[in-house]
$ cat work39.pdb   # PDB, C-alpha atoms
ATOM      1  CA  MET B   1      26.019 -31.639  -6.530
ATOM      2  CA  SER B   2      28.623 -31.321  -9.270
ATOM      3  CA  ILE B   3      30.391 -34.445 -10.578
ATOM      4  CA  GLN B   4      33.700 -32.792  -9.600
ATOM      5  CA  ASP B   5      32.666 -32.459  -5.937
ATOM      6  CA  LEU B   6      34.597 -34.545  -3.421
ATOM      7  CA  ASN B   7      33.354 -34.449   0.201
ATOM      8  CA  ALA B   8      35.324 -35.355   3.316
ATOM      9  CA  CYS B   9      35.521 -34.562   7.044
ATOM     10  CA  LEU B  10      38.817 -33.592   8.713
ATOM     11  CA  ASP B  11      39.545 -33.115  12.430
ATOM     12  CA  LEU B  12      42.028 -30.736  14.025
ATOM     13  CA  LYS B  13      42.534 -32.912  17.133
ATOM     14  CA  GLN B  14      41.770 -36.522  16.202
ATOM     15  CA  ASN B  15      44.043 -38.509  13.871
ATOM     16  CA  LEU B  16      41.329 -40.331  11.981
ATOM     17  CA  ASN B  17      41.852 -42.454   8.877
ATOM     18  CA  ILE B  18      40.165 -40.385   6.166
ATOM     19  CA  PHE B  19      40.381 -41.799   2.655
ATOM     20  CA  ALA B  20      39.101 -40.571  -0.702
ATOM     21  CA  GLN B  21      39.893 -41.490  -4.277
ATOM     22  CA  CYS B  22      39.731 -39.994  -7.726
ATOM     23  CA  LYS B  23      41.104 -40.592 -11.220
ATOM     24  CA  GLN B  24      44.338 -39.102 -12.468
ATOM     25  CA  PHE B  25      43.914 -35.637 -14.069
ATOM     26  CA  ASP B  26      40.478 -35.120 -12.450
ATOM     27  CA  SER B  27      39.450 -31.557 -11.698
ATOM     28  CA  LEU B  28      38.277 -31.586  -8.095
ATOM     29  CA  ASN B  29      36.070 -29.345  -5.975
ATOM     30  CA  LEU B  30      37.019 -30.257  -2.418
ATOM     31  CA  ILE B  31      34.215 -29.749   0.106
ATOM     32  CA  LEU B  32      35.844 -30.327   3.482
ATOM     33  CA  SER B  33      34.012 -30.099   6.812
ATOM     34  CA  ILE B  34      36.385 -29.179   9.655
ATOM     35  CA  PHE B  35      35.894 -30.388  13.231
ATOM     36  CA  ASP B  36      37.657 -29.581  16.493
ATOM     37  CA  ASN B  37      37.663 -32.821  18.507
ATOM     38  CA  SER B  38      34.419 -33.889  16.803
ATOM     39  CA  MET B  39      32.818 -30.437  17.363
ATOM     40  CA  GLN B  40      32.259 -27.976  14.546
ATOM     41  CA  ALA B  41      35.381 -25.832  14.366
ATOM     42  CA  ASP B  42      35.144 -22.054  14.728
ATOM     43  CA  LEU B  43      37.089 -20.786  11.723
ATOM     44  CA  THR B  44      36.291 -17.127  12.284
ATOM     45  CA  ASN B  45      39.321 -14.867  11.701
ATOM     46  CA  TYR B  46      41.332 -17.643  10.012
ATOM     47  CA  ASP B  47      42.931 -17.962   6.592
ATOM     48  CA  VAL B  48      43.492 -21.398   5.043
ATOM     49  CA  ARG B  49      46.024 -23.048   2.768
ATOM     50  CA  LEU B  50      46.070 -26.556   1.222
ATOM     51  CA  ARG B  51      49.327 -28.508   1.497
ATOM     52  CA  ALA B  52      49.792 -31.782  -0.371
ATOM     53  CA  MET B  53      52.639 -34.200  -1.054
ATOM     54  CA  LYS B  54      52.103 -36.251  -4.178
ATOM     55  CA  ALA B  55      53.236 -39.847  -4.727
ATOM     56  CA  ASP B  56      56.312 -38.600  -6.662
ATOM     57  CA  GLN B  57      57.272 -36.465  -3.630
ATOM     58  CA  VAL B  58      56.490 -33.240  -5.481
ATOM     59  CA  PRO B  59      54.753 -30.721  -3.215
ATOM     60  CA  LEU B  60      51.695 -28.561  -3.868
ATOM     61  CA  ILE B  61      50.806 -25.549  -1.761
ATOM     62  CA  GLN B  62      47.574 -23.745  -2.685
ATOM     63  CA  GLU B  63      46.750 -20.476  -0.933
ATOM     64  CA  HIS B  64      44.297 -17.599  -1.567
ATOM     65  CA  VAL B  65      43.345 -18.908  -5.003
ATOM     66  CA  GLY B  66      40.010 -20.737  -5.314
ATOM     67  CA  MET B  67      39.456 -21.032  -1.548
ATOM     68  CA  GLU B  68      36.451 -20.045   0.571
ATOM     69  CA  ILE B  69      35.450 -20.581   4.215
ATOM     70  CA  ASN B  70      31.796 -20.792   5.281
ATOM     71  CA  ASN B  71      31.259 -21.550   8.971
ATOM     72  CA  ASN B  72      33.197 -24.827   9.472
ATOM     73  CA  GLN B  73      33.189 -25.754   5.786
ATOM     74  CA  VAL B  74      36.068 -25.089   3.404
ATOM     75  CA  ASN B  75      35.419 -25.107  -0.339
ATOM     76  CA  ILE B  76      38.491 -25.471  -2.555
ATOM     77  CA  LYS B  77      38.693 -25.510  -6.326
ATOM     78  CA  ALA B  78      41.821 -27.676  -6.352
ATOM     79  CA  ASP B  79      44.801 -26.826  -8.522
ATOM     80  CA  GLU B  80      45.237 -29.233 -11.441
ATOM     81  CA  GLN B  81      48.603 -30.370  -9.974
ATOM     82  CA  LEU B  82      46.758 -32.200  -7.182
ATOM     83  CA  THR B  83      45.863 -35.120  -9.485
ATOM     84  CA  THR B  84      48.778 -35.230 -11.943
ATOM     85  CA  THR B  85      50.536 -38.124 -10.213
ATOM     86  CA  ALA B  86      48.973 -41.559  -9.715
ATOM     87  CA  GLY B  87      49.308 -43.033  -6.246
ATOM     88  CA  ASN B  88      48.622 -41.815  -2.733
ATOM     89  CA  THR B  89      48.619 -38.052  -2.202
ATOM     90  CA  PHE B  90      48.434 -36.863   1.376
ATOM     91  CA  VAL B  91      46.495 -33.624   1.915
ATOM     92  CA  GLU B  92      46.185 -31.366   4.953
ATOM     93  CA  LEU B  93      44.630 -27.960   5.559
ATOM     94  CA  GLN B  94      46.592 -25.421   7.552
ATOM     95  CA  PHE B  95      44.718 -22.558   9.253
ATOM     96  CA  MET B  96      46.444 -19.234  10.147
ATOM     97  CA  ASN B  97      45.030 -16.780  12.664
ATOM     98  CA  LYS B  98      44.723 -13.384  10.934
ATOM     99  CA  SER B  99      45.561 -11.489  14.126
ATOM    100  CA  THR B 100      48.306 -13.561  15.757
ATOM    101  CA  GLY B 101      49.663 -15.603  12.848
ATOM    102  CA  GLU B 102      49.279 -18.826  14.880
ATOM    103  CA  LYS B 103      48.846 -21.987  12.804
ATOM    104  CA  LYS B 104      46.928 -25.245  13.209
ATOM    105  CA  ALA B 105      46.704 -28.085  10.666
ATOM    106  CA  THR B 106      44.199 -30.861  10.233
ATOM    107  CA  PHE B 107      45.206 -34.494  10.205
ATOM    108  CA  ASN B 108      45.745 -35.999   6.755
ATOM    109  CA  LEU B 109      43.310 -36.842   4.030
ATOM    110  CA  ALA B 110      44.718 -39.785   2.056
ATOM    111  CA  LEU B 111      43.733 -39.179  -1.556
ATOM    112  CA  LYS B 112      44.225 -42.252  -3.759
ATOM    113  CA  VAL B 113      44.781 -41.109  -7.346
ATOM    114  CA  VAL B 114      43.899 -43.998  -9.664
ATOM    115  CA  PRO B 115      46.004 -44.002 -12.874
ATOM    116  CA  SER B 116      44.313 -42.845 -16.041
ATOM    117  CA  THR B 117      44.007 -45.505 -18.743
ATOM    118  CA  VAL B 118      45.417 -43.170 -21.387
ATOM    119  CA  ASN B 119      47.766 -40.264 -20.713
ATOM    120  CA  ILE B 120      47.372 -37.990 -23.709
ATOM    121  CA  ASN B 121      48.529 -34.397 -23.215
ATOM    122  CA  GLY B 122      48.669 -35.088 -19.493
ATOM    123  CA  THR B 123      49.933 -32.364 -17.207
ATOM    124  CA  ILE B 124      53.508 -32.862 -16.004
ATOM    125  CA  SER B 125      53.921 -32.967 -12.259
ATOM    126  CA  THR B 126      55.701 -29.881 -10.952
ATOM    127  CA  ALA B 127      56.231 -28.305  -7.572
ATOM    128  CA  THR B 128      53.572 -25.642  -7.224
ATOM    129  CA  TYR B 129      53.018 -22.786  -4.790
ATOM    130  CA  THR B 130      49.999 -20.849  -5.943
ATOM    131  CA  LEU B 131      50.971 -17.871  -3.779
ATOM    132  CA  LEU B 132      54.243 -17.553  -5.726
ATOM    133  CA  GLU B 133      52.343 -17.878  -8.978
ATOM    134  CA  GLU B 134      49.965 -15.179  -7.833
ATOM    135  CA  LEU B 135      52.946 -13.022  -6.856
ATOM    136  CA  GLU B 136      54.491 -13.528 -10.299
ATOM    137  CA  ASN B 137      51.210 -12.503 -11.886
ATOM    138  CA  LYS B 138      51.157  -9.352  -9.758
ATOM    139  CA  ILE B 139      54.759  -8.577 -10.753
ATOM    140  CA  ASP B 140      53.841  -9.008 -14.413
ATOM    141  CA  GLN B 141      50.892  -6.688 -13.902
ATOM    142  CA  CYS B 142      53.157  -4.119 -12.226
ATOM    143  CA  SER B 143      55.638  -4.313 -15.101
ATOM    144  CA  ASP B 144      52.860  -3.795 -17.571
ATOM    145  CA  PHE B 145      51.626  -0.891 -15.479
ATOM    146  CA  PHE B 146      55.009   0.847 -15.467
ATOM    147  CA  GLU B 147      55.319   0.337 -19.214
ATOM    148  CA  HIS B 148      52.059   2.184 -19.676
ATOM    149  CA  ILE B 149      52.332   4.637 -16.779
ATOM    150  CA  GLY B 150      52.506   7.601 -19.168
ATOM    151  CA  GLU B 151      49.308   6.555 -20.868
ATOM    152  CA  ALA B 152      47.718   5.976 -17.475
ATOM    153  CA  ILE B 153      48.697   9.459 -16.260
ATOM    154  CA  GLU B 154      47.364  11.026 -19.444
ATOM    155  CA  ALA B 155      44.162   9.017 -19.163
ATOM    156  CA  ASN B 156      43.841  10.070 -15.526
ATOM    157  CA  THR B 157      44.361  13.738 -16.468
ATOM    158  CA  ASN B 158      41.743  13.445 -19.192
ATOM    159  CA  LEU B 159      39.420  11.786 -16.717
ATOM    160  CA  ILE B 160      39.939  14.621 -14.211
ATOM    161  CA  ASN B 161      39.279  17.221 -16.922
ATOM    162  CA  SER B 162      36.195  15.330 -18.050
ATOM    163  CA  THR B 163      35.026  15.113 -14.452
ATOM    164  CA  ASN B 164      35.518  18.862 -13.951
ATOM    165  CA  THR B 165      33.661  19.579 -17.181
ATOM    166  CA  ALA B 166      30.877  17.239 -16.106
ATOM    167  CA  ASN B 167      30.679  18.959 -12.713
ATOM    168  CA  GLU B 168      30.501  22.389 -14.363
ATOM    169  CA  THR B 169      27.830  21.126 -16.731
ATOM    170  CA  LYS B 170      25.910  19.679 -13.792
ATOM    171  CA  GLU B 171      26.131  22.999 -11.917
ATOM    172  CA  ALA B 172      24.880  24.829 -15.013
ATOM    173  CA  LEU B 173      22.038  22.349 -15.346
ATOM    174  CA  ASP B 174      21.219  22.766 -11.658
ATOM    175  CA  ASP B 175      21.120  26.562 -12.108
ATOM    176  CA  SER B 176      18.950  26.175 -15.200
ATOM    177  CA  ASN B 177      16.671  23.842 -13.308
ATOM    178  CA  GLU B 178      16.342  26.343 -10.440
ATOM    179  CA  THR B 179      15.599  29.122 -12.939
ATOM    180  CA  ALA B 180      13.022  26.924 -14.652
ATOM    181  CA  LEU B 181      11.402  26.135 -11.310
ATOM    182  CA  ALA B 182      11.301  29.848 -10.402
ATOM    183  CA  THR B 183       9.815  30.670 -13.823
ATOM    184  CA  LYS B 184       7.227  27.921 -13.410
ATOM    185  CA  SER B 185       6.329  29.267  -9.968
ATOM    186  CA  ALA B 186       5.946  32.783 -11.412
ATOM    187  CA  LEU B 187       3.807  31.433 -14.259
ATOM    188  CA  ASP B 188       1.671  29.518 -11.775
ATOM    189  CA  THR B 189       1.210  32.722  -9.749
ATOM    190  CA  SER B 190       0.349  34.693 -12.906
ATOM    191  CA  ASN B 191      -2.099  31.996 -13.941
ATOM    192  CA  THR B 192      -3.717  32.118 -10.491
ATOM    193  CA  ASN B 193      -3.965  35.927 -10.652
ATOM    194  CA  ALA B 194      -5.397  35.736 -14.166
ATOM    195  CA  THR B 195      -7.959  33.187 -13.001
ATOM    196  CA  ASN B 196      -8.921  35.389 -10.030
ATOM    197  CA  THR B 197      -9.189  38.449 -12.322
ATOM    198  CA  LYS B 198     -11.354  36.517 -14.769
ATOM    199  CA  ASN B 199     -13.613  35.367 -11.934
ATOM    200  CA  ALA B 200     -13.898  38.978 -10.686
ATOM    201  CA  LEU B 201     -14.701  40.210 -14.220
ATOM    202  CA  ASP B 202     -17.273  37.443 -14.599
ATOM    203  CA  ALA B 203     -18.871  38.557 -11.312
ATOM    204  CA  LEU B 204     -18.872  42.219 -12.471
ATOM    205  CA  LYS B 205     -20.425  41.202 -15.781
ATOM    206  CA  THR B 206     -23.111  39.275 -13.906
ATOM    207  CA  ASP B 207     -23.815  42.347 -11.716
ATOM    208  CA  ALA B 208     -23.882  44.567 -14.811
ATOM    209  CA  ASP B 209     -26.306  42.200 -16.535
ATOM    210  CA  ASN B 210     -28.525  42.181 -13.429
ATOM    211  CA  THR B 211     -28.405  46.015 -13.253
ATOM    212  CA  LYS B 212     -29.235  46.287 -16.952
ATOM    213  CA  ASN B 213     -32.194  43.933 -16.482
ATOM    214  CA  ALA B 214     -33.368  45.978 -13.465
ATOM    215  CA  LEU B 215     -33.077  49.244 -15.448
ATOM    216  CA  ASN B 216     -35.009  47.678 -18.291
ATOM    217  CA  THR B 217     -37.711  46.679 -15.799
ATOM    218  CA  VAL B 218     -37.799  50.234 -14.309
ATOM    219  CA  ASN B 219     -37.917  51.720 -17.796
ATOM    220  CA  GLN B 220     -40.819  49.458 -18.731
ATOM    221  CA  THR B 221     -42.622  50.341 -15.467
ATOM    222  CA  GLY B 222     -42.028  54.084 -16.037
ATOM    223  CA  GLN B 223     -43.290  53.829 -19.590
ATOM    224  CA  THR B 224     -46.386  51.986 -18.349
ATOM    225  CA  LEU B 225     -46.992  54.734 -15.719
ATOM    226  CA  LEU B 226     -46.494  57.454 -18.317
ATOM    227  CA  ASP B 227     -48.958  55.740 -20.623
ATOM    228  CA  SER B 228     -51.433  55.466 -17.709
ATOM    229  CA  LEU B 229     -51.068  59.198 -16.900
ATOM    230  CA  GLU B 230     -51.550  60.156 -20.522
ATOM    231  CA  ASN B 231     -54.642  57.967 -20.649
ATOM    232  CA  PHE B 232     -55.924  59.502 -17.379
ATOM    233  CA  GLU B 233     -55.387  63.014 -18.754
ATOM    234  CA  ASP B 234     -57.270  62.124 -21.920
ATOM    235  CA  GLN B 235     -60.184  60.769 -19.885
ATOM    236  CA  HIS B 236     -60.245  63.730 -17.410
ATOM    237  CA  ALA B 237     -59.730  66.813 -19.517
ATOM    238  CA  ASP B 238     -61.526  69.046 -16.892
ATOM    239  CA  VAL B 239     -59.040  68.203 -14.163
ATOM    240  CA  THR B 240     -57.751  71.805 -14.258
ATOM    241  CA  ASP B 241     -61.226  73.210 -13.393
ATOM    242  CA  ILE B 242     -61.568  70.740 -10.543
ATOM    243  CA  SER B 243     -58.194  71.843  -9.241
ATOM    244  CA  ASN B 244     -59.252  75.518  -9.298
ATOM    245  CA  LYS B 245     -62.484  74.749  -7.440
ATOM    246  CA  LEU B 246     -60.561  72.800  -4.818
ATOM    247  CA  ALA B 247     -58.239  75.767  -4.390
ATOM    248  CA  ASN B 248     -61.224  78.126  -3.739
ATOM    249  CA  ILE B 249     -62.725  75.719  -1.233
ATOM    250  CA  ASN B 250     -59.405  75.438   0.549
ATOM    251  CA  ALA B 251     -59.211  79.245   0.749
ATOM    252  CA  GLN B 252     -62.712  79.450   2.279
ATOM    253  CA  LEU B 253     -61.884  76.730   4.781
ATOM    254  CA  SER B 254     -58.741  78.592   5.722
ATOM    255  CA  GLU B 255     -60.725  81.780   6.340
ATOM    256  CA  ILE B 256     -63.273  79.944   8.486
ATOM    257  CA  MET B 257     -60.491  78.342  10.522
ATOM    258  CA  ASN B 258     -59.012  81.775  11.145
ATOM    259  CA  TYR B 259     -62.418  82.942  12.448
ATOM    260  CA  PHE B 260     -62.661  79.934  14.659
ATOM    261  CA  ILE B 261     -59.167  80.440  16.027
ATOM    262  CA  ASP B 262     -59.811  84.151  16.757
ATOM    263  CA  GLY B 263     -63.024  83.292  18.595
ATOM    264  CA  LYS B 264     -65.185  84.984  16.023
ATOM    265  CA  LEU B 265     -66.834  81.725  15.081
ATOM    266  CA  THR B 266     -68.892  79.597  17.496
ATOM    267  CA  PHE B 267     -71.602  76.979  17.204
ATOM    268  CA  THR B 268     -74.933  77.219  19.070
ATOM    269  CA  SER B 269     -78.404  75.682  18.984
ATOM    270  CA  LEU B 270     -81.513  77.850  18.750
ATOM    271  CA  ASP B 271     -84.969  76.372  18.526
ATOM    272  CA  GLY B 272     -83.535  72.903  17.893
ATOM    273  CA  SER B 273     -81.652  74.088  14.855
ATOM    274  CA  LYS B 274     -77.912  74.442  14.478
ATOM    275  CA  TRP B 275     -76.763  78.030  14.111
ATOM    276  CA  ILE B 276     -73.332  79.450  13.527
ATOM    277  CA  GLN B 277     -72.620  82.664  15.444
ATOM    278  CA  VAL B 278     -70.270  84.975  13.590
ATOM    279  CA  VAL B 279     -68.772  88.135  15.090
ATOM    280  CA  ASP B 280     -68.040  90.790  12.493
ATOM    281  CA  ASN B 281     -65.100  93.127  12.467
ATOM    282  CA  TYR B 282     -66.927  95.597  14.731
ATOM    283  CA  GLY B 283     -67.623  93.061  17.421
ATOM    284  CA  GLN B 284     -71.320  92.702  16.634
ATOM    285  CA  PRO B 285     -72.537  89.064  16.685
ATOM    286  CA  GLY B 286     -74.755  87.557  14.028
ATOM    287  CA  PHE B 287     -76.206  84.109  13.368
ATOM    288  CA  ILE B 288     -76.108  81.995  10.276
ATOM    289  CA  LYS B 289     -78.198  78.827  10.078
ATOM    290  CA  ASP B 290     -76.183  75.742   9.412
ATOM    291  CA  GLY B 291     -76.500  74.744   5.786
ATOM    292  CA  GLU B 292     -77.155  78.261   4.447
TER     293      GLU B 292
END

$ encode --input "work39.pdb" --output "structure tokens"
Amino acid sequence: MSIQDLNACLDLKQNLNIFAQCKQFDSLNLILSIFDNSMQADLTNYDVRLRAMKADQVPLIQEHVGMEINNNQVNIKADEQLTTTAGNTFVELQFMNKSTGEKKATFNLALKVVPSTVNINGTISTATYTLLEELENKIDQCSDFFEHIGEAIEANTNLINSTNTANETKEALDDSNETALATKSALDTSNTNATNTKNALDALKTDADNTKNALNTVNQTGQTLLDSLENFEDQHADVTDISNKLANINAQLSEIMNYFIDGKLTFTSLDGSKWIQVVDNYGQPGFIKDGE
């Protein structure tokens, strides 16, 4: 709690004797709890103003400035005129309905302002209506505005131009960003294709290496077979004669088979021995003993 805080409870229906005191020229933060016939007041949709009559019969009306409503509690940073005059100052809060304009005031808070021991540079008591002061401030601001309206218009025009330039720059950046994204996508696709091509080439190289190894193996096997044949030929130089003899035997066997097929050749047994009966070209049979 701040040393400037002053707490009190005010009722909208009951005329209670509420007293508080402070020193002259104090700066006060009024924390006022508002009740409706001893029940917490519903201050929803209400504005508030502080009205005070000082001991010198000079009024103070404070509105909009330094005032805040939270539930049934009103916090007011009191205007310095509230404590300029020693003696009893009577304070009330007036609430105005925002929709209907209807008003309702609390019963009084009797604020006893104890004289200051020394009044050096003390504030002079004056009638004060903070709403009028606020209005005067707004009028001053308007006057200042009209004095500088040309500069304001020029500044606004420059701001509009700057905004348009910024929007154009943003659009250009957006287009550049889209182009960059498209380029990145194309590069990603190219990179993927390059990777796939490299993998395919690696596979072809592997197949080529395997084929080369297989051909080397076949070549070695063929060379080994050729060496074996050359060695066999060296060791069997008479193979040609054997081949000729086999050819003659095959011819004789062929002739005998022809005899057998034509019925000119039969086998018979005479005297326990095997004989071959041969019929000559004139149809005359003859016998040849097996093994002769």

$ atom_distance --input "work39.pdb" --atom1 "CA of Ala203 (chain B)" --atom2 "CA of Asn216 (chain B)"
19.8 Å

$ resolve_selection --input "work39.pdb" --expression "the PyMOL selection byres ((chain B and resi 42-48) around 7)" --output "compact mmCIF listing (two decimals) with C-alpha atoms, in the coordinates of the input"
# COMPACT_ATOMS: atom_id res chain seq x y z
CA GLN B 40 32.26 -27.98 14.55
CA ALA B 41 35.38 -25.83 14.37
CA ARG B 49 46.02 -23.05 2.77
CA LEU B 50 46.07 -26.56 1.22
CA GLU B 63 46.75 -20.48 -0.93
CA ASN B 71 31.26 -21.55 8.97
CA ASN B 72 33.20 -24.83 9.47
CA LEU B 93 44.63 -27.96 5.56
CA GLN B 94 46.59 -25.42 7.55
CA PHE B 95 44.72 -22.56 9.25
CA MET B 96 46.44 -19.23 10.15
CA ASN B 97 45.03 -16.78 12.66
CA LYS B 98 44.72 -13.38 10.93

$ resolve_selection --input "work39.pdb" --expression "the PyMOL selection byres ((chain B and resi 38) around 10)" --output "ChimeraX atom specification"
/B:9-14,34-37,39-41

$ write_last_selection --input "work39.pdb" --atoms "C-alpha atoms" --output "short mmCIF file (atom, residue, chain, number, x, y, z; two decimals), in the frame of the given file"
data_model
loop_
_atom_site.label_atom_id
_atom_site.label_comp_id
_atom_site.auth_asym_id
_atom_site.auth_seq_id
_atom_site.Cartn_x
_atom_site.Cartn_y
_atom_site.Cartn_z
CA CYS B 9 35.52 -34.56 7.04
CA LEU B 10 38.82 -33.59 8.71
CA ASP B 11 39.54 -33.12 12.43
CA LEU B 12 42.03 -30.74 14.02
CA LYS B 13 42.53 -32.91 17.13
CA GLN B 14 41.77 -36.52 16.20
CA ILE B 34 36.38 -29.18 9.65
CA PHE B 35 35.89 -30.39 13.23
CA ASP B 36 37.66 -29.58 16.49
CA ASN B 37 37.66 -32.82 18.51
CA MET B 39 32.82 -30.44 17.36
CA GLN B 40 32.26 -27.98 14.55
CA ALA B 41 35.38 -25.83 14.37
#

$ closest_residue --input "work39.pdb" --among "B:Asn156, B:Ser243, B:Asn15, B:Asn29" --to "Glu68 (chain B)" --atoms "only C-alpha atoms"
B:Asn29

$ residues_around --input "work39.pdb" --residues "Ala86 (chain B)" --least-positions-apart "4" --cutoff "8 Å" --atoms "only C-alpha atoms" --output "number ranges by chain"
B: 24, 55, 112-116
